[in-house]
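J.: For reference, the structure I am asking about is given below.
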Amino acid sequence: MLSSLVTRNDTCGNLHLGVSDHDLVYAVQKDKLPTPNARVIEYRSMRHYDNDQFLDDLSNVPWGTEYIYDDVDDLWRHWASLYTEVLDKHAPIKKKRVRGDQFPWITPDIQREHSRRKRMFKHHVKNLTKTS
């Protein structure tokens, strides 16, 4: 993240104008803002979920397997896997790519000014005259 901050300027320096003993200091900033990486989220798709069918499938699961396990944690994991199996059938897990959030230093004001600058530059390029 720090490297993107360092390379934000295209070039910089100072110009000796000759009319004064003060030099003009300048920096040319790159136009493109860095884009954050996209994230992948997982969610359950409830598009084809039917509550009655889900409860019916849960009632058909063999829950009476508590005598096989000596440890309560093993029994809990077994029941959780049975439940998850039925749940995955009715509400499968899907993955979705979502656009990354903006960087924290880019406030809405900065974003608005950046788009305003781009809009004004496009207007300038479209309406060029001999003097510009």
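By convention in this document, the chains of the structure tokens carry letters A, B, ... by their order, each chain's residues are numbered from 1, and ligands are numbered from 1 in the order they are shown.
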I need the strand (DSSP E or B) residues of chain A per DSSP on the backbone, written as a list in words.
T.: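 Result set for chain A (strand (DSSP E or B)): Asn9, Asp10, Thr11, Cys12, Gly13, Asn14, Leu15, Leu24, Val25, Tyr26, Ala27, Val28, Gln29, Arg39, Val40, Ile41, Glu42, Tyr43, Arg44, Ile93, Lys94, Lys95, Lys96, Arg97 and Val98 of chain A.
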J.: Considering only C-alpha atoms, return as an NGL selection string whatever protein or nucleic-acid residues lie within 12 Å of region 107-120 of chain A, sequence-local ones (same chain, fewer than 6 positions apart) excluded.
T.: :A and (29-33 or 101 or 126-127)
J.: Find the residues around region 39-55 of chain A up to 8 Å (only C-alpha atoms counted), leave out those fewer than 5 positions away in its own chain, and share them as a PDB file with N, CA and C atoms, in the first residue's frame.
T.:
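Listed below is the output, out_26.pdb:
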```pdb
ATOM      1  N   VAL A  86     -28.109 -31.374   4.591  1.00  0.00           N
ATOM      2  CA  VAL A  86     -29.467 -31.042   4.170  1.00  0.00           C
ATOM      3  C   VAL A  86     -29.558 -29.565   3.795  1.00  0.00           C
ATOM      4  N   LEU A  87     -28.887 -28.719   4.562  1.00  0.00           N
ATOM      5  CA  LEU A  87     -28.914 -27.287   4.278  1.00  0.00           C
ATOM      6  C   LEU A  87     -28.240 -26.977   2.938  1.00  0.00           C
ATOM      7  N   HIS A  90     -30.659 -27.513   0.060  1.00  0.00           N
ATOM      8  CA  HIS A  90     -31.743 -26.545  -0.123  1.00  0.00           C
ATOM      9  C   HIS A  90     -31.248 -25.102  -0.298  1.00  0.00           C
ATOM     10  N   ALA A  91     -30.133 -24.785   0.314  1.00  0.00           N
ATOM     11  CA  ALA A  91     -29.573 -23.425   0.206  1.00  0.00           C
ATOM     12  C   ALA A  91     -28.066 -23.567  -0.010  1.00  0.00           C
ATOM     13  N   PRO A  92     -27.650 -23.804  -1.259  1.00  0.00           N
ATOM     14  CA  PRO A  92     -26.229 -24.048  -1.519  1.00  0.00           C
ATOM     15  C   PRO A  92     -25.374 -22.803  -1.296  1.00  0.00           C
ATOM     16  N   ILE A  93     -24.113 -23.035  -0.980  1.00  0.00           N
ATOM     17  CA  ILE A  93     -23.165 -21.944  -0.791  1.00  0.00           C
ATOM     18  C   ILE A  93     -22.665 -21.496  -2.166  1.00  0.00           C
ATOM     19  N   LYS A  94     -22.722 -20.203  -2.385  1.00  0.00           N
ATOM     20  CA  LYS A  94     -22.233 -19.635  -3.646  1.00  0.00           C
ATOM     21  C   LYS A  94     -21.165 -18.601  -3.334  1.00  0.00           C
ATOM     22  N   LYS A  95     -20.316 -18.352  -4.318  1.00  0.00           N
ATOM     23  CA  LYS A  95     -19.269 -17.352  -4.177  1.00  0.00           C
ATOM     24  C   LYS A  95     -19.560 -16.195  -5.123  1.00  0.00           C
ATOM     25  N   LYS A  96     -19.208 -15.010  -4.662  1.00  0.00           N
ATOM     26  CA  LYS A  96     -19.473 -13.816  -5.451  1.00  0.00           C
ATOM     27  C   LYS A  96     -18.304 -12.847  -5.272  1.00  0.00           C
ATOM     28  N   ARG A  97     -17.880 -12.263  -6.387  1.00  0.00           N
ATOM     29  CA  ARG A  97     -16.823 -11.248  -6.335  1.00  0.00           C
ATOM     30  C   ARG A  97     -17.474  -9.888  -6.166  1.00  0.00           C
ATOM     31  N   VAL A  98     -17.003  -9.157  -5.177  1.00  0.00           N
ATOM     32  CA  VAL A  98     -17.506  -7.809  -4.957  1.00  0.00           C
ATOM     33  C   VAL A  98     -16.362  -6.822  -5.095  1.00  0.00           C
ATOM     34  N   ARG A  99     -16.683  -5.667  -5.612  1.00  0.00           N
ATOM     35  CA  ARG A  99     -15.676  -4.634  -5.803  1.00  0.00           C
ATOM     36  C   ARG A  99     -15.097  -4.235  -4.457  1.00  0.00           C
ATOM     37  N   GLY A 100     -13.806  -4.022  -4.440  1.00  0.00           N
ATOM     38  CA  GLY A 100     -13.152  -3.626  -3.202  1.00  0.00           C
ATOM     39  C   GLY A 100     -13.579  -2.242  -2.757  1.00  0.00           C
TER      40      GLY A 100
END
```
J.: CA of Thr84 (chain A) and CA of Tyr69 (chain A) are how many Å apart?
T.: 19.0 Å
